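Chemist: TSV, C-alpha atoms and all ligand atoms, saved as my_file.tsv, coming up:
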chain	number	residue	atom	x	y	z
A	1	MET	CA	0.00	0.00	0.00
A	2	LYS	CA	1.37	3.40	-1.06
A	3	VAL	CA	0.43	6.37	1.10
A	4	LEU	CA	1.01	9.95	0.00
A	5	GLY	CA	1.77	12.61	2.59
A	6	LEU	CA	0.82	16.14	1.55
A	7	VAL	CA	2.11	19.16	3.47
A	8	GLY	CA	0.25	22.45	3.08
A	9	SER	CA	2.74	24.74	4.80
A	10	ALA	CA	5.71	26.60	3.38
A	11	ARG	CA	7.58	26.11	6.65
A	12	ARG	CA	10.09	23.37	5.98
A	13	PHE	CA	9.99	20.94	8.91
A	14	GLY	CA	7.21	23.06	10.39
A	15	ASN	CA	4.37	21.54	12.38
A	16	SER	CA	2.33	20.27	9.43
A	17	GLU	CA	5.40	18.58	8.00
A	18	VAL	CA	6.41	17.09	11.35
A	19	ALA	CA	2.85	15.74	11.81
A	20	VAL	CA	2.76	14.25	8.33
A	21	ARG	CA	6.26	12.77	8.68
A	22	GLU	CA	5.32	11.15	12.01
A	23	ALA	CA	2.14	9.73	10.45
A	24	LEU	CA	4.18	8.37	7.54
A	25	LEU	CA	6.43	6.60	10.05
A	26	GLY	CA	3.22	4.93	11.27
A	27	VAL	CA	2.40	3.95	7.69
A	28	GLU	CA	5.83	2.34	7.30
A	29	GLU	CA	5.51	0.58	10.66
A	30	ALA	CA	2.26	-0.93	9.41
A	31	GLY	CA	3.98	-2.14	6.23
A	32	GLY	CA	3.03	0.64	3.82
A	33	LYS	CA	5.20	2.61	1.41
A	34	THR	CA	5.36	6.39	1.66
A	35	GLU	CA	6.02	9.53	-0.32
A	36	LEU	CA	5.93	13.11	0.98
A	37	LEU	CA	5.25	16.20	-1.12
A	38	ARG	CA	5.19	19.79	0.03
A	39	LEU	CA	2.44	21.59	-1.89
A	40	THR	CA	4.39	24.82	-1.63
A	41	ASP	CA	7.25	23.33	-3.65
A	42	TYR	CA	4.91	23.28	-6.65
A	43	GLU	CA	3.17	25.83	-8.80
A	44	ILE	CA	-0.60	25.72	-8.38
A	45	LYS	CA	-2.33	28.42	-10.43
A	46	PRO	CA	-5.97	29.41	-9.84
A	47	CYS	CA	-8.79	27.47	-11.50
A	48	THR	CA	-10.04	29.51	-14.48
A	49	GLY	CA	-13.58	28.11	-14.20
A	50	CYS	CA	-13.68	26.82	-17.79
A	51	MET	CA	-15.22	23.53	-16.55
A	52	ARG	CA	-13.46	21.67	-19.38
A	53	CYS	CA	-12.17	19.02	-16.95
A	54	VAL	CA	-15.65	17.87	-15.96
A	55	PHE	CA	-17.91	18.82	-18.89
A	56	LYS	CA	-15.60	17.79	-21.70
A	57	VAL	CA	-13.37	15.44	-19.69
A	58	GLU	CA	-10.39	17.20	-21.23
A	59	GLU	CA	-7.02	18.07	-19.82
A	60	CYS	CA	-6.90	21.26	-17.78
A	61	PRO	CA	-5.63	24.09	-20.02
A	62	VAL	CA	-3.77	25.74	-17.11
A	63	LYS	CA	-0.15	24.77	-17.34
A	64	ASP	CA	1.53	24.31	-13.97
A	65	ASP	CA	2.30	21.45	-11.56
A	66	THR	CA	-1.31	20.66	-10.61
A	67	ALA	CA	-1.70	17.77	-13.06
A	68	PHE	CA	1.40	16.17	-11.52
A	69	LEU	CA	-0.01	16.61	-8.00
A	70	LEU	CA	-3.46	15.28	-8.93
A	71	ASP	CA	-1.83	12.28	-10.56
A	72	LYS	CA	0.16	11.58	-7.38
A	73	ILE	CA	-3.07	11.83	-5.36
A	74	ALA	CA	-4.93	9.55	-7.77
A	75	GLN	CA	-2.15	6.94	-7.82
A	76	ALA	CA	-1.75	6.70	-4.03
A	77	ASP	CA	-3.76	4.15	-2.05
A	78	GLY	CA	-4.19	6.51	0.89
A	79	LEU	CA	-3.52	10.07	1.96
A	80	ILE	CA	-2.15	11.88	5.00
A	81	LEU	CA	-2.78	15.60	4.85
A	82	GLY	CA	-1.18	18.20	7.10
A	83	VAL	CA	-2.34	21.80	6.69
A	84	PRO	CA	-1.92	24.67	9.14
A	85	ASN	CA	-4.65	26.93	10.39
A	86	TYR	CA	-4.20	30.36	8.82
A	87	ILE	CA	-6.61	33.11	9.91
A	88	LEU	CA	-9.36	30.79	11.10
A	89	GLY	CA	-9.16	28.66	7.95
A	90	ALA	CA	-6.96	26.12	6.22
A	91	ALA	CA	-3.90	27.64	4.51
A	92	GLY	CA	-4.86	28.93	1.06
A	93	ILE	CA	-2.73	26.47	-0.87
A	94	LEU	CA	-5.22	23.71	0.00
A	95	LYS	CA	-8.11	25.67	-1.51
A	96	MET	CA	-6.04	26.38	-4.62
A	97	LEU	CA	-5.53	22.64	-5.02
A	98	ALA	CA	-9.14	21.79	-4.11
A	99	ASP	CA	-10.54	24.06	-6.82
A	100	ARG	CA	-8.29	22.45	-9.41
A	101	ALA	CA	-9.23	18.93	-8.26
A	102	MET	CA	-12.84	19.04	-9.45
A	103	LYS	CA	-12.36	16.33	-12.04
A	104	LEU	CA	-11.52	13.91	-9.21
A	105	MET	CA	-14.96	14.73	-7.74
A	106	PHE	CA	-17.07	14.02	-10.79
A	107	VAL	CA	-15.26	12.20	-13.58
A	108	GLU	CA	-15.76	8.44	-13.43
A	109	PRO	CA	-13.98	6.37	-12.31
A	110	ARG	CA	-13.21	8.55	-9.29
A	111	PRO	CA	-9.66	7.51	-8.36
A	112	THR	CA	-9.81	8.45	-4.67
A	113	LEU	CA	-13.30	7.14	-3.92
A	114	GLY	CA	-13.33	5.03	-0.76
A	115	LYS	CA	-9.60	5.36	-0.14
A	116	PRO	CA	-8.50	6.00	3.45
A	117	ALA	CA	-7.22	9.38	4.56
A	118	ALA	CA	-6.18	11.15	7.74
A	119	ALA	CA	-5.81	14.88	8.35
A	120	ILE	CA	-3.85	16.89	10.88
A	121	VAL	CA	-4.30	20.64	11.32
A	122	PRO	CA	-1.76	22.50	13.50
A	123	PHE	CA	-3.07	25.69	15.07
A	124	GLY	CA	-1.52	28.24	17.39
A	125	VAL	CA	-4.06	29.62	19.81
A	126	ASP	CA	-7.01	28.07	21.68
A	127	GLY	CA	-10.24	29.62	20.49
A	128	TRP	CA	-8.73	30.50	17.09
A	129	GLU	CA	-9.34	27.10	15.47
A	130	GLY	CA	-12.11	28.52	13.27
A	131	PHE	CA	-13.11	26.64	10.13
A	132	ALA	CA	-9.78	25.07	9.20
A	133	MET	CA	-10.76	21.47	9.91
A	134	ALA	CA	-14.12	21.90	8.17
A	135	GLN	CA	-12.25	23.07	5.06
A	136	VAL	CA	-9.98	20.06	5.23
A	137	SER	CA	-13.06	17.82	5.56
A	138	ILE	CA	-14.57	19.42	2.47
A	139	PHE	CA	-11.42	18.66	0.49
A	140	LEU	CA	-11.28	15.03	1.62
A	141	LEU	CA	-15.00	14.26	1.46
A	142	SER	CA	-15.42	15.92	-1.93
A	143	LEU	CA	-12.79	13.54	-3.28
A	144	GLY	CA	-14.64	10.61	-1.71
A	145	TYR	CA	-12.01	9.70	0.86
A	146	ARG	CA	-12.96	7.63	3.89
A	147	VAL	CA	-11.54	9.67	6.75
A	148	VAL	CA	-10.06	7.39	9.42
A	149	ASP	CA	-8.84	10.20	11.66
A	150	GLN	CA	-8.68	14.00	11.75
A	151	PHE	CA	-7.50	16.24	14.55
A	152	MET	CA	-5.97	19.57	15.37
A	153	ILE	CA	-2.73	19.96	17.32
A	154	ARG	CA	-1.86	23.10	19.23
A	155	CYS	CA	1.69	24.28	18.44
A	156	GLN	CA	2.98	27.64	17.30
A	157	GLY	CA	6.71	27.90	16.51
A	158	PRO	CA	8.04	25.90	13.54
A	159	GLY	CA	8.48	22.23	14.44
A	160	GLU	CA	7.21	22.63	18.03
A	161	ALA	CA	4.81	19.77	17.42
A	162	VAL	CA	7.68	17.29	17.69
A	163	LEU	CA	7.84	18.03	21.44
A	164	ASP	CA	4.20	17.04	21.98
A	165	ASP	CA	4.37	13.31	22.68
A	166	MET	CA	0.63	12.83	22.75
A	167	ALA	CA	0.13	14.58	19.42
A	168	MET	CA	2.98	12.62	17.86
A	169	ARG	CA	1.46	9.35	19.10
A	170	ARG	CA	-1.86	10.20	17.51
A	171	CYS	CA	-0.12	11.16	14.24
A	172	ARG	CA	1.69	7.83	14.18
A	173	GLU	CA	-1.53	5.97	14.99
A	174	ALA	CA	-3.31	7.87	12.21
A	175	GLY	CA	-0.67	6.64	9.77
A	176	LYS	CA	-1.22	3.04	10.85
A	177	ARG	CA	-4.98	3.50	10.62
A	178	VAL	CA	-4.69	4.64	7.02
A	179	VAL	CA	-2.93	1.36	6.20
A	180	VAL	CA	-5.38	-0.90	8.04
A	181	GLY	CA	-8.36	1.27	7.11
A	182	GLU	CA	-9.66	1.42	10.66
A	183	ARG	CA	-11.39	4.51	12.06
A	184	SER	CA	-10.03	6.15	15.18
A	185	PRO	CA	-12.26	5.87	18.25
A	186	TYR	CA	-11.24	9.49	18.97
A	187	LEU	CA	-12.85	10.72	15.76
A	188	SER	CA	-15.54	12.63	17.59
A	189	GLY	CA	-17.28	15.88	16.60
A	190	VAL	CA	-21.01	16.38	16.56
A	191	CYS	CA	-21.66	15.93	12.84
A	192	PRO	CA	-21.77	12.16	12.29
A	193	VAL	CA	-20.45	12.56	8.73
A	194	CYS	CA	-17.65	15.16	8.77
A	195	HIS	CA	-17.10	15.13	12.56
A	196	ASN	CA	-16.94	18.92	12.77
A	197	ASN	CA	-18.84	21.12	15.19
A	198	ILE	CA	-19.82	23.91	12.84
A	199	PHE	CA	-23.55	24.36	12.30
A	200	GLU	CA	-26.06	26.78	10.86
A	201	ILE	CA	-29.55	27.44	12.15
A	202	VAL	CA	-32.01	27.23	9.24
A	203	ASP	CA	-35.74	27.59	9.98
A	204	LEU	CA	-35.08	26.62	13.59
A	205	ARG	CA	-33.36	23.45	12.45
A	206	VAL	CA	-29.67	22.70	12.72
A	207	ARG	CA	-27.76	22.15	9.48
A	208	CYS	CA	-24.21	20.95	8.91
A	209	PRO	CA	-23.08	23.19	6.03
A	210	VAL	CA	-20.30	20.76	5.13
A	211	CYS	CA	-22.51	17.70	4.74
A	212	ASP	CA	-25.95	19.27	4.13
A	213	ILE	CA	-27.69	17.23	6.81
A	214	TYR	CA	-30.38	18.59	9.10
A	215	GLY	CA	-31.29	17.88	12.67
A	216	HIS	CA	-32.82	19.39	15.74
A	217	ILE	CA	-31.58	20.05	19.22
A	218	ILE	CA	-32.91	17.65	21.83
A	219	VAL	CA	-32.49	17.38	25.57
A	220	GLU	CA	-31.62	13.89	26.72
A	221	ASP	CA	-30.85	13.09	30.36
A	222	GLY	CA	-30.47	16.79	30.99
A	223	ARG	CA	-27.91	17.18	28.18
A	224	LEU	CA	-28.28	18.98	24.89
A	225	SER	CA	-27.53	17.04	21.73
A	226	ILE	CA	-28.47	17.12	18.05
A	227	LYS	CA	-30.67	14.45	16.51
A	228	PHE	CA	-30.02	14.32	12.77
A	229	ASP	CA	-32.88	13.39	10.43
A	230	ASP	CA	-31.00	11.20	7.98
A	231	PRO	CA	-27.20	11.49	8.09
A	232	ALA	CA	-26.82	8.69	5.54
A	233	ASP	CA	-28.42	11.02	2.99
A	234	ASN	CA	-25.57	13.56	3.04
A	235	ARG	CA	-24.14	15.55	0.15
A	236	TRP	CA	-21.07	13.33	-0.21
A	237	THR	CA	-22.75	10.01	-1.08
A	238	GLU	CA	-22.00	8.73	-4.57
A	239	GLU	CA	-25.68	9.02	-5.40
A	240	ASN	CA	-26.02	12.62	-4.21
A	241	MET	CA	-22.79	13.69	-5.90
A	242	ALA	CA	-24.03	12.20	-9.19
A	243	LYS	CA	-27.42	13.93	-8.73
A	244	HIS	CA	-25.69	17.25	-8.06
A	245	PHE	CA	-23.69	16.88	-11.24
A	246	GLU	CA	-26.70	15.95	-13.37
A	247	ARG	CA	-29.27	18.33	-11.88
A	248	ASN	CA	-27.25	21.41	-10.91
A	249	MET	CA	-24.10	21.42	-12.97
A	250	LEU	CA	-24.83	19.87	-16.38
A	251	PRO	CA	-27.93	22.01	-17.13
A	252	SER	CA	-25.79	25.14	-16.71
A	253	VAL	CA	-24.15	24.35	-20.09
A	254	GLU	CA	-27.36	24.59	-22.14
A	255	ARG	CA	-28.51	27.54	-20.06
A	256	TYR	CA	-25.31	29.45	-20.70
A	257	ILE	CA	-25.41	28.70	-24.42
A	258	SER	CA	-28.97	30.05	-24.60
A	259	LEU	CA	-28.08	33.23	-22.67
A	260	LYS	CA	-24.64	33.87	-24.15
A	261	GLY	CA	-25.86	36.36	-26.78
A	262	GLN	CA	-27.80	38.45	-24.23
A	263	ILE	CA	-24.88	38.44	-21.79
A	264	LYS	CA	-22.44	39.59	-24.50
A	265	GLU	CA	-24.73	42.45	-25.46
A	266	LYS	CA	-25.07	43.66	-21.88
A	267	LEU	CA	-21.33	43.39	-21.30
A	268	VAL	CA	-20.49	45.83	-24.09
A	269	LYS	CA	-20.86	48.85	-21.81
A	270	TYR	CA	-18.10	47.55	-19.52
A	271	ARG	CA	-15.75	46.67	-22.34
A	272	LYS	CA	-15.75	50.23	-23.69
A	273	LYS	CA	-13.93	51.56	-20.61
A	301	LIG	C1	-0.55	33.73	8.43
A	301	LIG	C2	-0.81	32.94	9.68
A	301	LIG	C3	-2.08	32.92	10.21
A	301	LIG	C4	-2.37	32.18	11.35
A	301	LIG	N1	-3.64	32.18	11.84
A	301	LIG	C5	-3.96	31.40	12.89
A	301	LIG	C6	-5.30	31.33	13.37
A	301	LIG	O1	-6.21	31.96	12.89
A	301	LIG	N2	-5.55	30.52	14.42
A	301	LIG	C7	-4.58	29.80	15.04
A	301	LIG	O2	-4.88	29.08	15.98
A	301	LIG	N3	-3.29	29.84	14.59
A	301	LIG	C8	-2.96	30.60	13.53
A	301	LIG	N4	-1.66	30.64	13.07
A	301	LIG	C9	-0.64	29.81	13.72
A	301	LIG	C10	-0.37	28.53	12.97
A	301	LIG	O3	-1.55	27.79	12.75
A	301	LIG	C11	0.60	27.67	13.78
A	301	LIG	O4	1.79	28.37	13.97
A	301	LIG	C12	0.89	26.35	13.10
A	301	LIG	O5	1.61	25.53	13.97
A	301	LIG	C13	1.67	26.52	11.83
A	301	LIG	O6	1.94	25.28	11.26
A	301	LIG	P1	3.20	25.05	10.27
A	301	LIG	O7	4.42	25.10	11.14
A	301	LIG	O8	2.96	23.75	9.65
A	301	LIG	O9	3.14	26.17	9.29
A	301	LIG	C14	-1.34	31.42	11.97
A	301	LIG	C15	-0.05	31.46	11.44
A	301	LIG	C16	0.22	32.21	10.31
A	301	LIG	C17	1.62	32.22	9.75
Please express the file's structure as structure tokens.
Modeler:
Amino acid sequence: MKVLGLVGSARRFGNSEVAVREALLGVEEAGGKTELLRLTDYEIKPCTGCMRCVFKVEECPVKDDTAFLLDKIAQADGLILGVPNYILGAAGILKMLADRAMKLMFVEPRPTLGKPAAAIVPFGVDGWEGFAMAQVSIFLLSLGYRVVDQFMIRCQGPGEAVLDDMAMRRCREAGKRVVVGERSPYLSGVCPVCHNNIFEIVDLRVRCPVCDIYGHIIVEDGRLSIKFDDPADNRWTEENMAKHFERNMLPSVERYISLKGQIKEKLVKYRKK
């Protein structure tokens, strides 16, 4: 089994890299092969939104290192992702890659579907965790990965994480879990799908914006909890992803073709300036 470690921090031997390296040691201990790539060593240009990769199943016209990275991701049997928390979110390089990875979401056969993954997000300050892990979940779940563990580790200076024995143990365990495909019992979090604790209130119901599942708050034995209506019917199932593609994305092609003339006409006033 070949496991790819991806580091989303420009800090060489920073906390994300230390966490991923420790997890990869766990992979090797469990008999797997490893490779580590630092995303920041590669050029990842923005997605131009041409949709050619999914509508025409053509090569991306943007020339940079993304095709190489996506190929590495597709070829690996499992993934360990380490990305730092930057300003309450995952470091931007992950989003740059995520936007360019859309073909792995929709074009059959999906190469990462059902493969095991683990994610580690270093952060610096309690209370400043924000949405970073939710963003990492979106990346992994959109590619169809089966997340065996995900957690945040508190560490600030570059490489400090290596001094945190407990965090290092969990990283190593996460690596082993990716090889054996076994979920961590510590994978908690209130959402039963993405295991994050970020919710919206919509019409007095609770919604996980990552997974698009609804529930309501209940009181059980004097404790508040959320009862979800149907977590199995979340946005990431193969069926719902296919429906999204057919019902929401594909029709936009015909619609755009029919409106193109009108749009061009109305755009003239901007082009003159
Ligand atoms: C630009 C920037 C923004 C950051 N924003 C946050 C933040 O919002 N919340 C937080 O807890 N830590 C934040 N941190 C701290 C990092 O998450 C922390 O230092 C982490 O260990 C860095 O991991 P690395 O060594 O892999 O880069 C920030 C660090 C930088 C450089």
Chemist: List all protein, DNA and RNA residues that have any atom at most 10 Å from ligand LIG 301 (chain A), counting all atoms listed in the file, and write the list as number ranges by chain.
Modeler: A: 7-20, 82-92, 120-132, 152-161
Chemist: Can you list, as a PyMOL selection string, every protein, DNA or RNA residue that comes within 10 Å of Ser225 in chain A when you count all atoms listed in the file, leaving out same-chain residues fewer than 6 positions away?
Modeler: chain A and resi 190+215-219
Chemist: Work out how far apart CA of Pro111 in chain A and CA of Lys72 in chain A are and give it in Å to one decimal.
Modeler: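 Separation of CA of Pro111 in chain A and CA of Lys72 in chain A: 10.7 Å.
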Chemist: I'd like to know which of A:Ala74, A:Leu250, A:Leu267, A:Leu25 is closest to Glu173 in chain A, using all atoms listed in the file.
Modeler: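 Nearest to Glu173 in chain A: A:Leu25.
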Chemist: Could you check how far CA of Phe245 in chain A sits from CA of Leu104 in chain A, in Å to one decimal?
Modeler: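 Straight-line distance from CA of Phe245 in chain A to CA of Leu104 in chain A works out to 12.7 Å.
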Chemist: Please return as a PyMOL selection string every residue within 12 Å of (-11.1, 10.5, 8.3), taking into account only C-alpha atoms and the file's own coordinates.
Modeler: chain A and resi 78-81+114-120+133-134+136-141+144-151+174-175+177-178+181-189+192-196
Chemist: I'd like to know which of A:Ile44, A:Met249, A:Ile73, A:Met166 is closest to Asp99 in chain A, using all atoms listed in the file.
Modeler: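 For Asp99 in chain A, the nearest of the candidates is A:Ile44.
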Chemist: Which residues are close to Leu69 in chain A, i.e. within 12 Å by all atoms listed in the file, leaving aside same-chain residues fewer than 3 positions away? Reply as an NGL selection string.
Modeler: :A and (4-7 or 36-44 or 64-66 or 72-76 or 94 or 96-98 or 100-101 or 104)
Chemist: Quote the spacing between CA of Lys2 in chain A and CA of Val179 in chain A in Å to one decimal place.
Modeler: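 These atoms are spaced 8.7 Å apart.
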Chemist: Taking all atoms listed in the file into account, name the residue in A:Arg223, A:Asp229, A:Cys191, A:Gly32 that is nearest to Cys211 in chain A.
Modeler: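 So, comparing all the options, the nearest one is A:Cys191.
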Chemist: Measuring atom to atom with only C-alpha atoms, identify which of A:Ile226, A:Val27, A:Val180, A:Met102 is nearest to Phe199 in chain A.
Modeler: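 Smallest distance to Phe199 in chain A is found for A:Ile226.
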Chemist: Which is closest to Glu35 in chain A among A:Asn240, A:Asp77, A:Lys272, A:Glu58, if we use only C-alpha atoms?
Modeler: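 Among the listed residues, A:Asp77 lies closest to Glu35 in chain A.
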